[in-house]
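Novice: Here it is, the structure in full.
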Amino acid sequence: MISARWIALAGLLALAASVPVAADIHREVQAVNINYEGNNVWAPGTYIVKKGETVRVKLYNRVKTDPNVHGFAIDEFNVKVDVYRDKPETVEFTANKAGLFRIWCHLHPAHLPGQLLVIE
Amino acid sequence: MDLLFATLVTSLVSLQALSSPAGAHMHDGRHVYVHHCAVCHGLSGDGNGEAASRLATKPADLTTARFKFRSTPSGAVPTDEDLLRTLTRGVRGTAMVPQTHIPLPQLRAVVTYLKTLSPRFAERVRPPVVVPAQPAVTPGLVAKGEKLYRDSGCPECHGSGGKGDGPSALKGMKDARELPIVPTNLTKRPLKRGSDPQEIWKSIAVGLDGTPMPSYSDALEPDEIWTVVLFLESLVTQELRHPEDRLLSGEEVLGDEIERQHGSR
């Protein structure tokens, strides 16, 4: 079972994802890699942005168990980042096509994937 | 006067401890550690011994009880036999040479002492993984292993040809101590934990704690891990797979012999 605190965290992060930011970045999202019940996953698991928006993703690896690095990749937008434990990373991309895209750990593909929904 | 009394009491307590078999065993282990291990691993075991700064591969921090070469699941402390195995066989390609010049009883004593360097050794020791019998090599199994190697993300670090030159490797990788680490070139032998196919199987199954190499026991079935091992073995040239080339020195031969005699494999 996912603990209530992780659900609350995912909710807060999803809320943060919906807040537009200034300058060239249209959308800022935070993603936290966590482990529950032995499964590694980026939380929140789903992100929604509009086509054409420039997205900045801040990535945090909070998994205390080994290995010490996890991947964050969205193939269609050439996103591929290695995120080490407690070493936040940032990646930016333009969501220039609509659709539903897989977010996955390219280092450990067996980990649970997330998804990015880009709407028109 | 108080100081004299305290010193006397301390000495008597120490003598009492040494007079028991367990106390003498521990004392023996500490003695061996101080004289043979501390120069690299440090007196406290934190990996910062006198020689550490001059070594390309930094000595393990023994205070974390996080060991790369285990037969136990990821995150678990190693068994006594795992530790003894590293002592007798060494870590190939590093300054951790086989300690076969030290008699076996003293090696066992130092294993006992090592377990005092971290409170994690108070945890319940989880049972080692069981390596299933190695299947016969067939083109079909090697091909399946190659597919699983790719589908499991191994090329990201080890490269598509297994040479340790994947995209993440080229960016530079770090271990849990934030020290630079290079993915293993799987086309070469010897490998650090040993080149036997069973050892490669264990590395894939339980991972190398403290490094980016995870355990694949949740992602791959035991027989699937074997197909990956067969694929990796197919990358190695014939001359490097020759048994004599796997053994670097007479010390390692002796280490293997100790293991055979005492069942530490």
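Please note that chains go A, B, ... in the order of the structure tokens, that every chain numbers its residues from 1, and that ligands are numbered from 1 in the order shown.
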Please tabulate, as a tab-separated table, the residues of chain A that come within 9 Å of chain B, each with its closest pair of atoms and the distance in Å to one decimal, counting only C-alpha atoms and ordering rows by chain, then residue number upward.

Specialist:
residue	atom	partner	partner_atom	distance
A:Thr65	CA	B:Gly75	CA	6.7
A:Asp66	CA	B:Asp209	CA	5.9
A:Pro67	CA	B:Pro212	CA	4.7
A:Asn68	CA	B:Pro212	CA	5.4
A:Val69	CA	B:Pro212	CA	5.6
A:His70	CA	B:Pro212	CA	8.2
A:Val81	CA	B:Ser168	CA	8.8
A:Asp82	CA	B:Ser168	CA	7.3
A:Tyr84	CA	B:Lys174	CA	8.1
A:Arg85	CA	B:Ala176	CA	8.0
A:Cys105	CA	B:Gly153	CA	8.7
A:His106	CA	B:Gly153	CA	6.0
A:Leu107	CA	B:Gly153	CA	5.2
A:His108	CA	B:Gly153	CA	5.6
A:Pro109	CA	B:Ser152	CA	5.7
A:Ala110	CA	B:Ala219	CA	5.9
A:His111	CA	B:Ala219	CA	8.6

Novice: One decimal, Å: what's the distance from CA of Ala22 (chain B) over to CA of Val97 (chain B), could you say?

Specialist: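 Separation of CA of Ala22 (chain B) and CA of Val97 (chain B): 27.6 Å.
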
Novice: Determine, counting only C-alpha atoms, which protein, DNA and RNA residues have an atom within 8 Å of an atom of Phe93 (chain A); residues of the same chain fewer than 6 positions away are not included. Present the result as an MDAnalysis selection string.

Specialist: chainID A and resid 54:56 77 79

Novice: Would you save the residues of that selection, restricted to N, CA and C atoms, as an mmCIF file, in the first residue's frame?

Specialist:
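Result file is part_28.cif:
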data_model
loop_
_atom_site.group_PDB
_atom_site.id
_atom_site.type_symbol
_atom_site.label_atom_id
_atom_site.label_comp_id
_atom_site.auth_asym_id
_atom_site.auth_seq_id
_atom_site.Cartn_x
_atom_site.Cartn_y
_atom_site.Cartn_z
ATOM 1 N N THR A 54 7.282 25.110 -22.871
ATOM 2 C CA THR A 54 8.631 24.723 -22.464
ATOM 3 C C THR A 54 8.552 24.268 -21.008
ATOM 4 N N VAL A 55 9.052 23.080 -20.772
ATOM 5 C CA VAL A 55 8.880 22.454 -19.455
ATOM 6 C C VAL A 55 10.243 22.313 -18.779
ATOM 7 N N ARG A 56 10.284 22.698 -17.526
ATOM 8 C CA ARG A 56 11.495 22.469 -16.722
ATOM 9 C C ARG A 56 11.145 21.437 -15.641
ATOM 10 N N PHE A 77 11.144 13.332 -26.434
ATOM 11 C CA PHE A 77 11.654 14.699 -26.282
ATOM 12 C C PHE A 77 13.147 14.711 -25.953
ATOM 13 N N VAL A 79 14.852 13.426 -23.676
ATOM 14 C CA VAL A 79 15.172 13.653 -22.267
ATOM 15 C C VAL A 79 15.801 12.383 -21.714
#

Novice: Write out as a list in words each polymer residue whose atoms come within 9 Å of Glu76 (chain A), counting only C-alpha atoms; drop sequence neighbours fewer than 2 positions from it.

Specialist: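 So, after excluding close chain neighbours, the residues are Ile74, Asn78, Val79, Lys97, Phe101 and Arg102 of chain A.
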
Novice: Would you pick out the contacts of Lys115 (chain B) at 9 Å or less, using only C-alpha atoms, so that residues sharing its chain but fewer than 4 positions from it are not included, and give the list as a list in words?

Specialist: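 The residues satisfying every condition are Leu62, Thr63, Ala65, Asp80, Val110, Val111, Pro119, Arg120, Phe121 and Ala122 of chain B.
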
Novice: Mind writing the picked residues with N, CA, C and O atoms as a PDB file, in the first residue's frame?

Specialist:
ATOM      1  N   LEU B  62      34.646   0.261   5.589  1.00  0.00           N
ATOM      2  CA  LEU B  62      34.111  -0.915   6.279  1.00  0.00           C
ATOM      3  C   LEU B  62      33.105  -0.544   7.351  1.00  0.00           C
ATOM      4  O   LEU B  62      32.370  -1.403   7.842  1.00  0.00           O
ATOM      5  N   THR B  63      33.050   0.753   7.713  1.00  0.00           N
ATOM      6  CA  THR B  63      32.135   1.162   8.781  1.00  0.00           C
ATOM      7  C   THR B  63      30.683   1.192   8.310  1.00  0.00           C
ATOM      8  O   THR B  63      29.774   1.276   9.122  1.00  0.00           O
ATOM      9  N   ALA B  65      29.441  -1.211   6.322  1.00  0.00           N
ATOM     10  CA  ALA B  65      29.044  -2.613   6.072  1.00  0.00           C
ATOM     11  C   ALA B  65      28.340  -2.765   4.734  1.00  0.00           C
ATOM     12  O   ALA B  65      27.502  -3.640   4.555  1.00  0.00           O
ATOM     13  N   ASP B  80      29.784 -14.319   6.643  1.00  0.00           N
ATOM     14  CA  ASP B  80      31.193 -14.478   7.017  1.00  0.00           C
ATOM     15  C   ASP B  80      31.984 -15.073   5.847  1.00  0.00           C
ATOM     16  O   ASP B  80      33.135 -14.685   5.599  1.00  0.00           O
ATOM     17  N   VAL B 110      39.927 -12.062  11.785  1.00  0.00           N
ATOM     18  CA  VAL B 110      39.774 -10.698  11.283  1.00  0.00           C
ATOM     19  C   VAL B 110      38.363 -10.490  10.738  1.00  0.00           C
ATOM     20  O   VAL B 110      37.799  -9.385  10.831  1.00  0.00           O
ATOM     21  N   VAL B 111      37.746 -11.540  10.221  1.00  0.00           N
ATOM     22  CA  VAL B 111      36.336 -11.444   9.801  1.00  0.00           C
ATOM     23  C   VAL B 111      35.476 -11.091  11.015  1.00  0.00           C
ATOM     24  O   VAL B 111      34.613 -10.206  10.955  1.00  0.00           O
ATOM     25  N   PRO B 119      27.649  -1.145  13.203  1.00  0.00           N
ATOM     26  CA  PRO B 119      26.492  -1.697  13.940  1.00  0.00           C
ATOM     27  C   PRO B 119      25.549  -2.479  13.036  1.00  0.00           C
ATOM     28  O   PRO B 119      24.731  -3.249  13.521  1.00  0.00           O
ATOM     29  N   ARG B 120      25.695  -2.293  11.723  1.00  0.00           N
ATOM     30  CA  ARG B 120      24.794  -3.006  10.808  1.00  0.00           C
ATOM     31  C   ARG B 120      24.978  -4.518  10.900  1.00  0.00           C
ATOM     32  O   ARG B 120      24.081  -5.271  10.534  1.00  0.00           O
ATOM     33  N   PHE B 121      26.131  -4.945  11.382  1.00  0.00           N
ATOM     34  CA  PHE B 121      26.343  -6.391  11.470  1.00  0.00           C
ATOM     35  C   PHE B 121      25.499  -7.034  12.573  1.00  0.00           C
ATOM     36  O   PHE B 121      25.460  -8.249  12.695  1.00  0.00           O
ATOM     37  N   ALA B 122      24.841  -6.170  13.364  1.00  0.00           N
ATOM     38  CA  ALA B 122      23.910  -6.723  14.352  1.00  0.00           C
ATOM     39  C   ALA B 122      22.616  -7.175  13.674  1.00  0.00           C
ATOM     40  O   ALA B 122      21.808  -7.884  14.273  1.00  0.00           O
TER      41      ALA B 122
END

Novice: Between CA of His158 (chain B) and CA of Pro128 (chain B), what is the spacing in Å?

Specialist: 25.9 Å

Novice: List the spatial neighbours of Gly161 (chain B) as a PyMOL selection string - criterion: any atom at most 10 Å away, only C-alpha atoms, same-chain residues fewer than 6 positions off excluded.

Specialist: chain B and resi 146+155+185-187+232+235

Novice: Measuring atom to atom with only C-alpha atoms, identify which of B:Leu141, B:Ala169, B:Leu43, B:Val129 is nearest to Pro222 (chain B).

Specialist: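 Result for the nearest residue to Pro222 (chain B): B:Val129.
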
Novice: Of the candidates B:Arg85, B:Arg54, B:Arg30, B:Lys147, which one gets nearest to Phe69 (chain B) if we count only C-alpha atoms?

Specialist: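 Closest to Phe69 (chain B) of all the choices is B:Arg85.
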
Novice: Please extract the residues of chain A with a backbone DSSP assignment of strand (DSSP E or B) and present them as an MDAnalysis selection string.

Specialist: chainID A and resid 27:36 39:43 46:50 54:61 69:74 79:85 89:94 99:104 114:119
